[in-house]
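Participant: Before anything else, here's the structure in question.
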Amino acid sequence: GDSCNWSTFESISKKVKSILYGFNNEKAGDLWYGKKTSNDETFNLLKQHRAYFYAGTKPANYTLNFMEALIIGIPIVAVGKKLGNLTDWDTYEIPNLISDDNGIVSDDINELVEYTNYLFNNYKEAKKISENNKKLAGKLFDVNIIKEQWRNFLNEYIN
């Protein structure tokens, strides 16, 4: 539904070969590929594909599946702020994380479809973007960086 931007995904999946993976998606019919049974299975599935479409989840600013995709390095095709913030809250952070070096963010369905097809047909570019995403994930989600951020945050309120 609205919380997962289903209408946008459905619209794009009619124009680009797509699969949907995960729990509670059985009603998606032929788009539904199955559900995860292990982290290794999820990572292997992400590694097998050329692009990952991220429609967001409201009101989350980004989700674990976005983090997993970035860590694996799959190029990300994501909705922009207009489609990503379907609530009054401005929580959708993806446009702050994705740039031309590691994917695309757009509220134009045709642009998202064009870019996805471009990735499907350009292995070299998709590979370059993949490497950029792995580097970005290291900067954003490295355990030592996160520990330090939490330490600084908590110290600010304790002292």
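Ordering of the structure tokens sets the chain letters (A, B, ...); residue numbers start at 1 within each chain; ligands are numbered from 1 in the order shown.
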Using DSSP on the backbone, list every residue of stretch 64-138 of chain A that comes out as helix (DSSP H, G or I), and give them as a ChimeraX atom specification.

Facilitator: /A:64-72,81-84,94-97,109-121,123-138

Participant: Quick one: which stretch 4-81 of chain A residues come within 8 Å of stretch 102-110 of chain A, and what is the nearest atom pair for each with the distance in Å to one decimal, counting only C-alpha atoms, rows ordered by chain and ascending number, as a Markdown table?

Facilitator:
```
| residue | atom | partner | partner_atom | distance |
| --- | --- | --- | --- | --- |
| A:Thr8 | CA | A:Ile109 | CA | 7.7 |
| A:Ser11 | CA | A:Ile109 | CA | 7.9 |
| A:Ile12 | CA | A:Ile109 | CA | 6.7 |
| A:Pro75 | CA | A:Gly103 | CA | 5.3 |
| A:Ile76 | CA | A:Gly103 | CA | 4.8 |
| A:Val77 | CA | A:Ile104 | CA | 5.1 |
| A:Ala78 | CA | A:Val105 | CA | 4.8 |
| A:Val79 | CA | A:Ser106 | CA | 5.1 |
| A:Gly80 | CA | A:Ser106 | CA | 4.5 |
| A:Lys81 | CA | A:Asp107 | CA | 7.3 |
```

Participant: Residues near stretch 118-123 of chain A, anyone? I mean within 10 Å using only C-alpha atoms, not counting same-chain ones fewer than 4 positions away, as a PyMOL selection string.

Facilitator: chain A and resi 16-17+49-51+75-77+103+112-114+127-129

Participant: Write the residues of the selection above to a file with N, CA, C and O atoms, as a PDB file, in the first residue's frame.

Facilitator:
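File produced: out05.pdb:
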```pdb
ATOM      1  N   VAL A  16       9.713  -2.500 -16.664  1.00  0.00           N
ATOM      2  CA  VAL A  16      11.043  -3.066 -16.461  1.00  0.00           C
ATOM      3  C   VAL A  16      10.872  -4.461 -15.877  1.00  0.00           C
ATOM      4  O   VAL A  16      10.066  -4.654 -14.960  1.00  0.00           O
ATOM      5  N   LYS A  17      11.631  -5.415 -16.362  1.00  0.00           N
ATOM      6  CA  LYS A  17      11.569  -6.765 -15.791  1.00  0.00           C
ATOM      7  C   LYS A  17      11.916  -6.678 -14.307  1.00  0.00           C
ATOM      8  O   LYS A  17      13.000  -6.225 -13.943  1.00  0.00           O
ATOM      9  N   HIS A  49      21.709  -9.457  -9.290  1.00  0.00           N
ATOM     10  CA  HIS A  49      20.911  -8.534 -10.080  1.00  0.00           C
ATOM     11  C   HIS A  49      21.659  -7.245 -10.376  1.00  0.00           C
ATOM     12  O   HIS A  49      22.602  -6.874  -9.685  1.00  0.00           O
ATOM     13  N   ARG A  50      21.243  -6.571 -11.420  1.00  0.00           N
ATOM     14  CA  ARG A  50      21.939  -5.384 -11.913  1.00  0.00           C
ATOM     15  C   ARG A  50      21.479  -4.100 -11.243  1.00  0.00           C
ATOM     16  O   ARG A  50      22.210  -3.118 -11.206  1.00  0.00           O
ATOM     17  N   ALA A  51      20.236  -4.081 -10.716  1.00  0.00           N
ATOM     18  CA  ALA A  51      19.721  -2.862 -10.095  1.00  0.00           C
ATOM     19  C   ALA A  51      18.732  -3.222  -8.994  1.00  0.00           C
ATOM     20  O   ALA A  51      18.076  -4.262  -9.053  1.00  0.00           O
ATOM     21  N   PRO A  75      23.619  -1.299  -7.724  1.00  0.00           N
ATOM     22  CA  PRO A  75      23.179   0.063  -8.047  1.00  0.00           C
ATOM     23  C   PRO A  75      21.736   0.280  -7.602  1.00  0.00           C
ATOM     24  O   PRO A  75      20.881  -0.588  -7.777  1.00  0.00           O
ATOM     25  N   ILE A  76      21.474   1.436  -7.039  1.00  0.00           N
ATOM     26  CA  ILE A  76      20.158   1.723  -6.478  1.00  0.00           C
ATOM     27  C   ILE A  76      19.412   2.722  -7.357  1.00  0.00           C
ATOM     28  O   ILE A  76      19.953   3.760  -7.737  1.00  0.00           O
ATOM     29  N   VAL A  77      18.186   2.358  -7.672  1.00  0.00           N
ATOM     30  CA  VAL A  77      17.255   3.212  -8.400  1.00  0.00           C
ATOM     31  C   VAL A  77      16.160   3.545  -7.392  1.00  0.00           C
ATOM     32  O   VAL A  77      15.447   2.656  -6.947  1.00  0.00           O
ATOM     33  N   GLY A 103      23.975   5.696  -8.186  1.00  0.00           N
ATOM     34  CA  GLY A 103      22.601   5.347  -8.514  1.00  0.00           C
ATOM     35  C   GLY A 103      21.844   6.542  -9.020  1.00  0.00           C
ATOM     36  O   GLY A 103      22.435   7.493  -9.528  1.00  0.00           O
ATOM     37  N   LEU A 112      13.341   6.851 -14.108  1.00  0.00           N
ATOM     38  CA  LEU A 112      13.746   5.673 -13.334  1.00  0.00           C
ATOM     39  C   LEU A 112      13.799   4.432 -14.230  1.00  0.00           C
ATOM     40  O   LEU A 112      14.729   3.620 -14.127  1.00  0.00           O
ATOM     41  N   VAL A 113      12.827   4.286 -15.117  1.00  0.00           N
ATOM     42  CA  VAL A 113      12.795   3.152 -16.043  1.00  0.00           C
ATOM     43  C   VAL A 113      13.986   3.221 -17.006  1.00  0.00           C
ATOM     44  O   VAL A 113      14.682   2.226 -17.218  1.00  0.00           O
ATOM     45  N   GLU A 114      14.231   4.405 -17.581  1.00  0.00           N
ATOM     46  CA  GLU A 114      15.365   4.579 -18.504  1.00  0.00           C
ATOM     47  C   GLU A 114      16.687   4.223 -17.833  1.00  0.00           C
ATOM     48  O   GLU A 114      17.533   3.542 -18.412  1.00  0.00           O
ATOM     49  N   LYS A 127      29.062  -1.954 -12.731  1.00  0.00           N
ATOM     50  CA  LYS A 127      30.176  -2.418 -11.891  1.00  0.00           C
ATOM     51  C   LYS A 127      30.825  -1.240 -11.162  1.00  0.00           C
ATOM     52  O   LYS A 127      31.124  -1.324  -9.964  1.00  0.00           O
ATOM     53  N   LYS A 128      31.024  -0.141 -11.868  1.00  0.00           N
ATOM     54  CA  LYS A 128      31.622   1.052 -11.260  1.00  0.00           C
ATOM     55  C   LYS A 128      30.720   1.581 -10.134  1.00  0.00           C
ATOM     56  O   LYS A 128      31.190   1.901  -9.038  1.00  0.00           O
ATOM     57  N   ILE A 129      29.441   1.636 -10.391  1.00  0.00           N
ATOM     58  CA  ILE A 129      28.483   2.093  -9.382  1.00  0.00           C
ATOM     59  C   ILE A 129      28.478   1.146  -8.193  1.00  0.00           C
ATOM     60  O   ILE A 129      28.400   1.574  -7.038  1.00  0.00           O
TER      61      ILE A 129
END
```

Participant: Would you list, as a list of chain:residue names, the residues of chain A that end up in strand (DSSP E) under DSSP run on this structure's backbone?

Facilitator: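 Filtering chain A to strand (DSSP E) leaves A:Leu20, A:Tyr21, A:Trp32, A:Tyr33, A:Gly34, A:Tyr52, A:Phe53, A:Tyr54, A:Ile76, A:Val77, A:Ala78, A:Val79, A:Gly103, A:Ile104, A:Val105, A:Ser106.
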
Participant: Would you output that residue set with C-alpha atoms, as a PDB file, in the first residue's frame?

Facilitator:
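Saved the output as again31.pdb:
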```
ATOM      1  CA  LEU A  20       9.602  -8.700  -5.597  1.00  0.00           C
ATOM      2  CA  TYR A  21      11.179 -10.575  -2.753  1.00  0.00           C
ATOM      3  CA  TRP A  32       6.570 -12.231  -6.121  1.00  0.00           C
ATOM      4  CA  TYR A  33       9.743 -14.316  -6.156  1.00  0.00           C
ATOM      5  CA  GLY A  34       9.629 -15.701  -2.640  1.00  0.00           C
ATOM      6  CA  TYR A  52      17.718  -2.488  -6.907  1.00  0.00           C
ATOM      7  CA  PHE A  53      14.565  -0.379  -6.894  1.00  0.00           C
ATOM      8  CA  TYR A  54      13.982   1.416  -3.619  1.00  0.00           C
ATOM      9  CA  ILE A  76      20.158   1.723  -6.478  1.00  0.00           C
ATOM     10  CA  VAL A  77      17.255   3.212  -8.400  1.00  0.00           C
ATOM     11  CA  ALA A  78      15.169   5.185  -5.900  1.00  0.00           C
ATOM     12  CA  VAL A  79      12.165   7.440  -5.771  1.00  0.00           C
ATOM     13  CA  GLY A 103      22.601   5.347  -8.514  1.00  0.00           C
ATOM     14  CA  ILE A 104      19.695   7.615  -9.282  1.00  0.00           C
ATOM     15  CA  VAL A 105      16.971   9.360  -7.337  1.00  0.00           C
ATOM     16  CA  SER A 106      14.016  10.719  -9.266  1.00  0.00           C
TER      17      SER A 106
END
```

Participant: Using only C-alpha atoms, which of A:Asn144, A:Asn133, A:Ser18, A:Asn117 sits nearest A:Phe66?

Facilitator: A:Asn133

Participant: Nearest to A:Glu10: which of A:Gln48, A:Ala55, A:Ser130, A:Phe43 is it, counting only C-alpha atoms?

Facilitator: A:Ala55

Participant: For the atom pair atom CA of A:Asp40 and atom CA of A:Thr63, what is the interatomic distance in Å to one decimal place?

Facilitator: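 Result for atom CA of A:Asp40 versus atom CA of A:Thr63: 18.1 Å, one decimal.
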
Participant: Suppose you want the space between atom CA of A:Asp101 and atom CA of A:Glu68; what is it in Å?

Facilitator: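 That distance, rounded to one decimal, is 18.0 Å.
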
Participant: Name the closest residue to A:Cys4 among the candidates A:Leu31, A:Ile158, A:Glu131, A:Asn24; distances are taken between atoms, counting only C-alpha atoms.

Facilitator: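 Closest to A:Cys4 of all the choices is A:Asn24.
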
Participant: Could you work out how far atom CA of A:Ile19 lies from atom CA of A:Thr42, giving the answer in Å with one decimal?

Facilitator: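 Separation of atom CA of A:Thr42 and atom CA of A:Ile19: 13.3 Å.
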
Participant: Taking 5 positions as the minimum chain separation for residues in the same chain, which residues sit within 8 Å of stretch 135-139 of chain A when counting only C-alpha atoms? Answer as a CSV table (one decimal) with C-alpha atoms, in the first residue's frame.

Facilitator:
```
chain,number,residue,atom,x,y,z
A,67,MET,CA,21.4,-0.8,3.8
A,70,LEU,CA,24.2,-0.6,-0.5
A,71,ILE,CA,26.6,-2.9,1.4
A,145,ILE,CA,31.9,4.6,12.9
```
